[in-house]
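Q: To start, I am sharing the structure in question, which I have written as structure tokens.
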Number of protein chains: 2
Amino acid sequence: MDQILIVEDDVNIGNLIQLNLELVGYKSHLCVNGIEMKQALAKNKYDLILLDVMLPGQSGFELINSCEGTPVIYVTAKGELNDKLKGLTLGAEDYIVKPFEMMELVARVKVVLRRFRKDTQLFQLDGVTVDQENRTVEKDGQRIDLTPREFTLLSVLIDNRNIAMSREKLLEVAWGWDFEGETKTVDVHIQRLRKKLGWEKQIQTVTKIGYRLEV
Amino acid sequence: MDQILIVEDDVNIGNLIQLNLELVGYKSHLCVNGIEMKQALAKNKYDLILLDVMLPGQSGFELINSCEGTPVIYVTAKGELNDKLKGLTLGAEDYIVKPFEMMELVARVKVVLRRFRKDTQLFQLDGVTVDQENRTVEKDGQRIDLTPREFTLLSVLIDNRNIAMSREKLLEVAWGWDFEGETKTVDVHIQRLRKKLGWEKQIQTVTKIGYRLEV
DNA sequence: CCGTTTTGTTACCATTATGTGATATATTGT
DNA sequence: ACAATATATCACATAATGGTAACAAAACGG
């Protein structure tokens, strides 16, 4: 269950947001100023903060430092929209302009939560970055094209890192239980992976057994 | 930052209003009569006009025509309140009766600005601008006609940018869970989108999976 | 009602992915 | 070191996949 912290001085709007988030399964806590927000953050861990940029007394931006490590969606009136906010749409942060549709807000909450989680799911090893959700691989910032089977096999190895996987097991998981073919097929694909990723050492051969991704 | 034009013959009150608006983040300019107001409107674009109905020389109402397209809050003494003013609370206009609490004024300013604003969240990528609210697309300033299904699909891709979306998932979200058709339908629509938007590279094929909008 | 637009399907083609056999190289146990 | 076994590498036939155009059906608008 995701915990969302809402910081909004207009209690009516705050309650409305809270109600809507609840309807789609998020728990939330409402604060009406920065002081309450800091107290709330000290007490609990939140998965997302919905922060009104224009709070009485202090700008929402002044509160940013309080919530490092937690994704933020800034709520702003259009007039307050600036380039700083506009640059936020790609990271673990986003902004939304008042007045907004509740469905729009809910959609954004979902996107940011997912995006943030995804960021923590990148697998990195020796210059290679694997994004399983994106199904992309980069080596030294350069995109590497893997075929579907190659990516699936890589994915299985990552999920079972540091574990020796038999050819049979790899076939079962990466090809499917109903695959009827030679175990040698695994060998060839492992070679292709090693070559493309430069992982000659990282993907180790476990003689008589199969292979192991060593991190 | 919202620009507010204040038209108020009593400079003391005008300054007070200005001060309060500033405190909550609005920039404002003060005029003491209709002539100054017209000059100000000619020079700058304002997001809201605060107009004293009882100005020396001419009624504030006579100035309405000068400010088409800009929301107005009429400031009036209680004795001048009439039915015409009372009918204003719903549109891009409102009224407030002197004497008023500053917080009340600020609240009304916020409300009118919000109500008047159209929340347009634009997605831009390589010369293409997508307005999801208006369901319009422009390429290099030129309007592109997308069919409803095309736009919905595009919208889904945008909402899930940088995520490999399976054909099944796309069908489910853009067509509906109950759509019973071929996954190939997605392919064809993707091609049509690519062609219309010139997004041959931006909409990437993820072999064996589906597609991904890469930003 | 009919003409137009939108939408989904089909068939065909080019391209890519994949599994396997042949052969070379490496590893292992004695 | 040597034989036995296992793994790596290469090349290629074939299967799978996606792109494309043309068409059919459905929805739309007057």
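Identifiers in the structure tokens: chain A, B, ... in order shown; residue index from 1 per chain; ligand index from 1 in order shown.
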Among chain A, which ones does DSSP assign to alpha helix (DSSP H) (computed from the backbone)? Answer as a ChimeraX atom specification.
A: /A:11-23,34-43,83-86,102-119,148-159,167-170,184-197
Q: Using 8 Å as the limit and counting only C-alpha atoms (C1' of nucleotides), can you tabulate each residue of chain D that touches chain B, with its shortest atom-to-atom distance in Å and the two atoms involved, as CSV?
A:
residue,atom,partner,partner_atom,distance
D:DT17,C1',B:Lys208,CA,7.4
D:DG18,C1',B:Asp187,CA,7.8
D:DG19,C1',B:Gln191,CA,7.9
Q: Which parts of range 7-215 of chain A does DSSP call strand (DSSP E) when run on the backbone here, written out as a ChimeraX atom specification?
A: /A:7,27-31,48-52,72-77,93-98,123-125,128-131,136-139,142-144,165-166,203-206,210-213
Q: Over all C-alpha pairs taken in sequence order, what does chain A look like after a least-squares fit onto chain B? Please give it as an mmCIF file with C-alpha atoms, in the first residue's frame.
A:
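Writing done, so here's result.cif:
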data_model
loop_
_atom_site.group_PDB
_atom_site.id
_atom_site.type_symbol
_atom_site.label_atom_id
_atom_site.label_comp_id
_atom_site.auth_asym_id
_atom_site.auth_seq_id
_atom_site.Cartn_x
_atom_site.Cartn_y
_atom_site.Cartn_z
ATOM 1 C CA MET A 1 3.685 31.279 -6.053
ATOM 2 C CA ASP A 2 1.207 33.279 -8.068
ATOM 3 C CA GLN A 3 1.651 37.041 -8.212
ATOM 4 C CA ILE A 4 -1.537 39.033 -8.403
ATOM 5 C CA LEU A 5 -1.808 42.726 -9.156
ATOM 6 C CA ILE A 6 -4.756 44.448 -7.516
ATOM 7 C CA VAL A 7 -5.902 47.777 -8.920
ATOM 8 C CA GLU A 8 -8.482 49.287 -6.606
ATOM 9 C CA ASP A 9 -8.917 52.894 -5.574
ATOM 10 C CA ASP A 10 -10.613 52.046 -2.311
ATOM 11 C CA VAL A 11 -7.645 51.135 -0.152
ATOM 12 C CA ASN A 12 -9.800 49.431 2.471
ATOM 13 C CA ILE A 13 -11.277 47.066 -0.063
ATOM 14 C CA GLY A 14 -7.876 46.630 -1.628
ATOM 15 C CA ASN A 15 -6.314 45.608 1.665
ATOM 16 C CA LEU A 16 -9.149 43.215 2.350
ATOM 17 C CA ILE A 17 -8.689 41.543 -1.014
ATOM 18 C CA GLN A 18 -4.963 41.377 -0.446
ATOM 19 C CA LEU A 19 -5.412 39.777 2.948
ATOM 20 C CA ASN A 20 -7.754 37.134 1.642
ATOM 21 C CA LEU A 21 -5.599 36.240 -1.336
ATOM 22 C CA GLU A 22 -2.653 35.937 0.988
ATOM 23 C CA LEU A 23 -4.575 33.556 3.215
ATOM 24 C CA VAL A 24 -4.971 31.109 0.342
ATOM 25 C CA GLY A 25 -1.420 31.427 -0.831
ATOM 26 C CA TYR A 26 -1.258 34.194 -3.396
ATOM 27 C CA LYS A 27 1.183 37.063 -3.245
ATOM 28 C CA SER A 28 -0.267 40.380 -4.346
ATOM 29 C CA HIS A 29 0.569 44.010 -4.907
ATOM 30 C CA LEU A 30 -1.934 46.817 -4.503
ATOM 31 C CA CYS A 31 -2.213 49.852 -6.778
ATOM 32 C CA VAL A 32 -4.721 52.640 -6.328
ATOM 33 C CA ASN A 33 -4.664 54.086 -9.833
ATOM 34 C CA GLY A 34 -3.686 53.454 -13.412
ATOM 35 C CA ILE A 35 -0.336 55.160 -13.143
ATOM 36 C CA GLU A 36 0.801 52.943 -10.304
ATOM 37 C CA MET A 37 -0.500 49.964 -12.214
ATOM 38 C CA LYS A 38 1.591 50.764 -15.252
ATOM 39 C CA GLN A 39 4.654 51.201 -13.094
ATOM 40 C CA ALA A 40 4.024 47.887 -11.393
ATOM 41 C CA LEU A 41 3.520 46.085 -14.700
ATOM 42 C CA ALA A 42 6.749 47.541 -16.040
ATOM 43 C CA LYS A 43 8.655 46.280 -13.046
ATOM 44 C CA ASN A 44 7.208 42.846 -12.464
ATOM 45 C CA LYS A 45 5.486 39.965 -14.188
ATOM 46 C CA TYR A 46 2.067 39.154 -12.757
ATOM 47 C CA ASP A 47 -0.037 36.060 -13.213
ATOM 48 C CA LEU A 48 -3.361 37.813 -12.811
ATOM 49 C CA ILE A 49 -4.713 41.335 -12.607
ATOM 50 C CA LEU A 50 -7.720 42.281 -10.504
ATOM 51 C CA LEU A 51 -8.885 45.506 -12.060
ATOM 52 C CA ASP A 52 -11.529 47.860 -10.727
ATOM 53 C CA VAL A 53 -13.424 49.090 -13.757
ATOM 54 C CA MET A 54 -14.356 52.369 -12.117
ATOM 55 C CA LEU A 55 -11.098 54.009 -11.203
ATOM 56 C CA PRO A 56 -10.821 57.735 -10.540
ATOM 57 C CA GLY A 57 -9.717 59.602 -13.610
ATOM 58 C CA GLN A 58 -9.878 56.810 -16.107
ATOM 59 C CA SER A 59 -11.977 53.767 -16.784
ATOM 60 C CA GLY A 60 -10.364 50.449 -16.066
ATOM 61 C CA PHE A 61 -11.023 49.484 -19.621
ATOM 62 C CA GLU A 62 -8.592 52.100 -20.796
ATOM 63 C CA LEU A 63 -5.912 50.151 -18.996
ATOM 64 C CA ILE A 64 -6.539 46.863 -20.750
ATOM 65 C CA ASN A 65 -3.846 47.448 -23.304
ATOM 66 C CA SER A 66 -1.240 47.668 -20.612
ATOM 67 C CA CYS A 67 -1.672 44.055 -19.652
ATOM 68 C CA GLU A 68 -1.765 41.908 -22.745
ATOM 69 C CA GLY A 69 -0.927 38.318 -22.102
ATOM 70 C CA THR A 70 -2.038 38.468 -18.496
ATOM 71 C CA PRO A 71 -5.499 37.280 -17.496
ATOM 72 C CA VAL A 72 -7.742 39.917 -15.981
ATOM 73 C CA ILE A 73 -10.670 39.839 -13.600
ATOM 74 C CA TYR A 74 -12.681 43.014 -13.832
ATOM 75 C CA VAL A 75 -14.236 44.263 -10.645
ATOM 76 C CA THR A 76 -17.368 46.215 -11.304
ATOM 77 C CA ALA A 77 -20.437 47.612 -9.628
ATOM 78 C CA LYS A 78 -23.559 46.023 -10.935
ATOM 79 C CA GLY A 79 -24.732 49.195 -12.619
ATOM 80 C CA GLU A 80 -21.619 49.265 -14.711
ATOM 81 C CA LEU A 81 -22.131 45.696 -15.800
ATOM 82 C CA ASN A 82 -22.543 45.618 -19.542
ATOM 83 C CA ASP A 83 -22.562 43.137 -22.371
ATOM 84 C CA LYS A 84 -18.894 43.592 -22.990
ATOM 85 C CA LEU A 85 -18.152 42.396 -19.486
ATOM 86 C CA LYS A 86 -20.726 39.658 -19.651
ATOM 87 C CA GLY A 87 -18.986 38.203 -22.654
ATOM 88 C CA LEU A 88 -15.796 37.681 -20.710
ATOM 89 C CA THR A 89 -16.533 34.611 -18.665
ATOM 90 C CA LEU A 90 -15.052 32.093 -21.029
ATOM 91 C CA GLY A 91 -11.648 33.404 -21.965
ATOM 92 C CA ALA A 92 -8.640 34.348 -19.911
ATOM 93 C CA GLU A 93 -10.815 37.064 -18.465
ATOM 94 C CA ASP A 94 -13.711 37.226 -16.070
ATOM 95 C CA TYR A 95 -15.612 39.786 -14.116
ATOM 96 C CA ILE A 96 -17.009 39.981 -10.627
ATOM 97 C CA VAL A 97 -19.709 42.277 -9.356
ATOM 98 C CA LYS A 98 -19.325 44.328 -6.192
ATOM 99 C CA PRO A 99 -20.125 43.692 -3.495
ATOM 100 C CA PHE A 100 -18.765 40.181 -3.551
ATOM 101 C CA GLU A 101 -17.984 37.492 -1.070
ATOM 102 C CA MET A 102 -14.270 37.006 -0.590
ATOM 103 C CA MET A 103 -14.640 33.285 -1.097
ATOM 104 C CA GLU A 104 -16.286 33.974 -4.407
ATOM 105 C CA LEU A 105 -13.401 36.150 -5.459
ATOM 106 C CA VAL A 106 -10.854 33.575 -4.422
ATOM 107 C CA ALA A 107 -12.735 30.899 -6.327
ATOM 108 C CA ARG A 108 -12.733 33.008 -9.455
ATOM 109 C CA VAL A 109 -9.072 33.795 -9.162
ATOM 110 C CA LYS A 110 -8.367 30.099 -9.028
ATOM 111 C CA VAL A 111 -10.570 29.343 -12.005
ATOM 112 C CA VAL A 112 -9.082 32.037 -14.215
ATOM 113 C CA LEU A 113 -5.523 31.107 -13.313
ATOM 114 C CA ARG A 114 -6.188 27.481 -14.082
ATOM 115 C CA ARG A 115 -8.093 28.247 -17.243
ATOM 116 C CA PHE A 116 -5.330 30.476 -18.469
ATOM 117 C CA ARG A 117 -2.674 27.901 -17.835
ATOM 118 C CA LYS A 118 -4.770 25.297 -19.548
ATOM 119 C CA ASP A 119 -4.949 27.398 -22.659
ATOM 120 C CA THR A 120 -1.218 27.263 -22.888
ATOM 121 C CA GLN A 121 -1.283 23.509 -22.510
ATOM 122 C CA LEU A 122 -3.111 22.701 -25.704
ATOM 123 C CA PHE A 123 -1.151 20.485 -27.999
ATOM 124 C CA GLN A 124 -1.636 21.160 -31.678
ATOM 125 C CA LEU A 125 -0.322 19.266 -34.653
ATOM 126 C CA ASP A 126 -1.544 19.163 -38.210
ATOM 127 C CA GLY A 127 -5.123 20.208 -37.568
ATOM 128 C CA VAL A 128 -5.432 18.110 -34.439
ATOM 129 C CA THR A 129 -5.863 19.823 -31.078
ATOM 130 C CA VAL A 130 -5.433 17.837 -27.893
ATOM 131 C CA ASP A 131 -6.663 19.229 -24.583
ATOM 132 C CA GLN A 132 -5.250 17.024 -21.904
ATOM 133 C CA GLU A 133 -7.149 18.551 -19.011
ATOM 134 C CA ASN A 134 -10.393 18.324 -20.886
ATOM 135 C CA ARG A 135 -9.499 14.954 -22.366
ATOM 136 C CA THR A 136 -10.842 16.060 -25.696
ATOM 137 C CA VAL A 137 -9.452 15.929 -29.198
ATOM 138 C CA GLU A 138 -10.494 17.989 -32.161
ATOM 139 C CA LYS A 139 -9.563 17.524 -35.766
ATOM 140 C CA ASP A 140 -10.255 20.496 -38.007
ATOM 141 C CA GLY A 141 -12.681 21.807 -35.404
ATOM 142 C CA GLN A 142 -14.514 18.497 -35.317
ATOM 143 C CA ARG A 143 -14.614 16.519 -32.100
ATOM 144 C CA ILE A 144 -12.917 13.133 -32.253
ATOM 145 C CA ASP A 145 -13.972 10.461 -29.796
ATOM 146 C CA LEU A 146 -11.116 8.535 -28.310
ATOM 147 C CA THR A 147 -11.523 5.650 -25.948
ATOM 148 C CA PRO A 148 -9.873 6.039 -22.551
ATOM 149 C CA ARG A 149 -6.907 3.863 -23.446
ATOM 150 C CA GLU A 150 -6.478 5.625 -26.742
ATOM 151 C CA PHE A 151 -6.429 9.001 -25.050
ATOM 152 C CA THR A 152 -3.992 7.885 -22.399
ATOM 153 C CA LEU A 153 -1.667 6.463 -25.031
ATOM 154 C CA LEU A 154 -1.909 9.664 -27.060
ATOM 155 C CA SER A 155 -1.177 11.647 -23.935
ATOM 156 C CA VAL A 156 1.953 9.612 -23.277
ATOM 157 C CA LEU A 157 3.125 10.090 -26.827
ATOM 158 C CA ILE A 158 2.600 13.835 -26.550
ATOM 159 C CA ASP A 159 4.445 14.041 -23.262
ATOM 160 C CA ASN A 160 7.299 12.175 -24.896
ATOM 161 C CA ARG A 161 7.138 13.767 -28.314
ATOM 162 C CA ASN A 162 10.129 13.213 -30.560
ATOM 163 C CA ILE A 163 11.301 10.400 -28.386
ATOM 164 C CA ALA A 164 11.212 6.802 -29.561
ATOM 165 C CA MET A 165 9.125 4.904 -27.046
ATOM 166 C CA SER A 166 9.510 1.153 -26.794
ATOM 167 C CA ARG A 167 6.390 -0.948 -26.644
ATOM 168 C CA GLU A 168 7.413 -2.038 -23.195
ATOM 169 C CA LYS A 169 7.752 1.536 -22.037
ATOM 170 C CA LEU A 170 4.421 2.487 -23.535
ATOM 171 C CA LEU A 171 2.747 -0.469 -21.858
ATOM 172 C CA GLU A 172 4.305 0.509 -18.574
ATOM 173 C CA VAL A 173 3.213 4.127 -18.722
ATOM 174 C CA ALA A 174 -0.107 3.979 -20.534
ATOM 175 C CA TRP A 175 -1.314 0.628 -19.234
ATOM 176 C CA GLY A 176 0.425 0.445 -15.905
ATOM 177 C CA TRP A 177 3.432 -1.439 -14.620
ATOM 178 C CA ASP A 178 1.270 -4.371 -13.679
ATOM 179 C CA PHE A 179 -0.234 -4.956 -17.071
ATOM 180 C CA GLU A 180 0.364 -8.481 -18.221
ATOM 181 C CA GLY A 181 -0.235 -8.687 -21.903
ATOM 182 C CA GLU A 182 1.275 -8.747 -25.322
ATOM 183 C CA THR A 183 3.319 -5.880 -26.688
ATOM 184 C CA LYS A 184 1.260 -6.318 -29.832
ATOM 185 C CA THR A 185 -1.574 -4.651 -27.976
ATOM 186 C CA VAL A 186 0.361 -1.417 -28.365
ATOM 187 C CA ASP A 187 0.518 -1.909 -32.102
ATOM 188 C CA VAL A 188 -3.214 -2.233 -32.449
ATOM 189 C CA HIS A 189 -3.867 0.872 -30.380
ATOM 190 C CA ILE A 190 -1.318 2.846 -32.344
ATOM 191 C CA GLN A 191 -3.142 1.913 -35.519
ATOM 192 C CA ARG A 192 -6.442 3.016 -34.084
ATOM 193 C CA LEU A 193 -4.924 6.337 -33.094
ATOM 194 C CA ARG A 194 -3.331 6.843 -36.493
ATOM 195 C CA LYS A 195 -6.626 6.183 -38.194
ATOM 196 C CA LYS A 196 -8.751 8.400 -35.953
ATOM 197 C CA LEU A 197 -6.345 11.337 -36.006
ATOM 198 C CA GLY A 198 -5.115 10.923 -39.549
ATOM 199 C CA TRP A 199 -1.623 10.747 -38.109
ATOM 200 C CA GLU A 200 -0.225 8.093 -40.407
ATOM 201 C CA LYS A 201 3.020 9.999 -40.706
ATOM 202 C CA GLN A 202 3.077 11.807 -37.407
ATOM 203 C CA ILE A 203 3.137 8.632 -35.346
ATOM 204 C CA GLN A 204 6.216 6.966 -36.733
ATOM 205 C CA THR A 205 7.176 3.365 -36.443
ATOM 206 C CA VAL A 206 10.630 2.832 -35.049
ATOM 207 C CA THR A 207 11.424 -0.644 -36.267
ATOM 208 C CA LYS A 208 12.490 -3.122 -33.660
ATOM 209 C CA ILE A 209 11.802 -0.520 -30.968
ATOM 210 C CA GLY A 210 8.333 0.980 -30.910
ATOM 211 C CA TYR A 211 6.856 4.316 -31.897
ATOM 212 C CA ARG A 212 7.584 8.004 -31.846
ATOM 213 C CA LEU A 213 5.370 11.051 -32.170
ATOM 214 C CA GLU A 214 7.178 13.419 -34.492
ATOM 215 C CA VAL A 215 6.287 17.081 -34.302
#
Q: For chain A, work out the contacting residues on chain C at 10 Å, counting only C-alpha atoms (C1' of nucleotides), and write them as a list of chain:residue names.
A: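 Filtering chain C at 10 Å from chain A with only C-alpha atoms (C1' of nucleotides) gives C:DT16, C:DA17, C:DT18, C:DG19, C:DT20, C:DT27, C:DT28.
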Q: Quick one: distance from C1' of DT23 in chain C to C1' of DA15 in chain D in Å, one decimal?
A: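 So the two atoms, C1' of DT23 in chain C and C1' of DA15 in chain D, lie 24.6 Å apart.
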Q: Would you list the contacts of DG29 in chain D as an mmCIF file with N, CA and C atoms (P, O5', C5', C4', C3', O3' and C1' of nucleotides), in the first residue's frame, taking every protein, DNA or RNA residue within 12 Å and counting only C-alpha atoms (C1' of nucleotides), but skipping same-chain residues closer than 4 positions in sequence?
A:
data_model
loop_
_atom_site.group_PDB
_atom_site.id
_atom_site.type_symbol
_atom_site.label_atom_id
_atom_site.label_comp_id
_atom_site.auth_asym_id
_atom_site.auth_seq_id
_atom_site.Cartn_x
_atom_site.Cartn_y
_atom_site.Cartn_z
ATOM 1 P P DC C 1 -32.350 2.677 -45.891
ATOM 2 O "O5'" DC C 1 -32.396 4.165 -46.392
ATOM 3 C "C5'" DC C 1 -32.784 4.664 -47.652
ATOM 4 C "C4'" DC C 1 -31.806 5.742 -48.036
ATOM 5 C "C3'" DC C 1 -30.448 5.211 -48.499
ATOM 6 O "O3'" DC C 1 -30.413 5.277 -49.909
ATOM 7 C "C1'" DC C 1 -30.208 7.038 -46.932
ATOM 8 P P DC C 2 -29.273 4.367 -50.648
ATOM 9 O "O5'" DC C 2 -28.065 5.412 -50.677
ATOM 10 C "C5'" DC C 2 -28.260 6.732 -51.181
ATOM 11 C "C4'" DC C 2 -27.035 7.562 -50.841
ATOM 12 C "C3'" DC C 2 -25.719 6.919 -51.290
ATOM 13 O "O3'" DC C 2 -24.918 7.920 -51.896
ATOM 14 C "C1'" DC C 2 -25.600 7.417 -48.992
ATOM 15 P P DG C 3 -23.732 7.425 -52.863
ATOM 16 O "O5'" DG C 3 -22.498 8.250 -52.285
ATOM 17 C "C5'" DG C 3 -22.598 9.668 -52.179
ATOM 18 C "C4'" DG C 3 -21.643 10.144 -51.109
ATOM 19 C "C3'" DG C 3 -20.188 9.749 -51.355
ATOM 20 O "O3'" DG C 3 -19.384 10.884 -51.121
ATOM 21 C "C1'" DG C 3 -20.880 9.012 -49.208
ATOM 22 P P DT C 4 -17.802 10.836 -51.335
ATOM 23 O "O5'" DT C 4 -17.270 10.808 -49.825
ATOM 24 C "C5'" DT C 4 -17.828 11.731 -48.888
ATOM 25 C "C4'" DT C 4 -17.194 11.485 -47.525
ATOM 26 C "C3'" DT C 4 -15.704 11.130 -47.582
ATOM 27 O "O3'" DT C 4 -15.015 11.980 -46.686
ATOM 28 C "C1'" DT C 4 -16.891 9.545 -46.267
ATOM 29 P P DT C 5 -13.424 11.920 -46.546
ATOM 30 O "O5'" DT C 5 -13.261 11.234 -45.113
ATOM 31 C "C5'" DT C 5 -14.009 11.749 -44.018
ATOM 32 C "C4'" DT C 5 -13.906 10.784 -42.853
ATOM 33 C "C3'" DT C 5 -12.474 10.359 -42.514
ATOM 34 O "O3'" DT C 5 -12.291 10.589 -41.129
ATOM 35 C "C1'" DT C 5 -13.873 8.462 -42.713
#
Q: Please identify all polymer residues within 12 Å of DT30 in chain C, counting only C-alpha atoms (C1' of nucleotides), omitting same-chain residues fewer than 3 positions from it, and present them as a list in words.
A: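 Everything that qualifies: DA1, DC2, DA3 and DA4 of chain D.
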Q: Could you tell me how far C1' of DT15 in chain C sits from C1' of DA21 in chain D, in Å to one decimal place?
A: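 Interatomic distance here is 17.5 Å.
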Q: Quick one, how far is C1' of DT7 in chain C from C1' of DA25 in chain D?
A: 8.4 Å
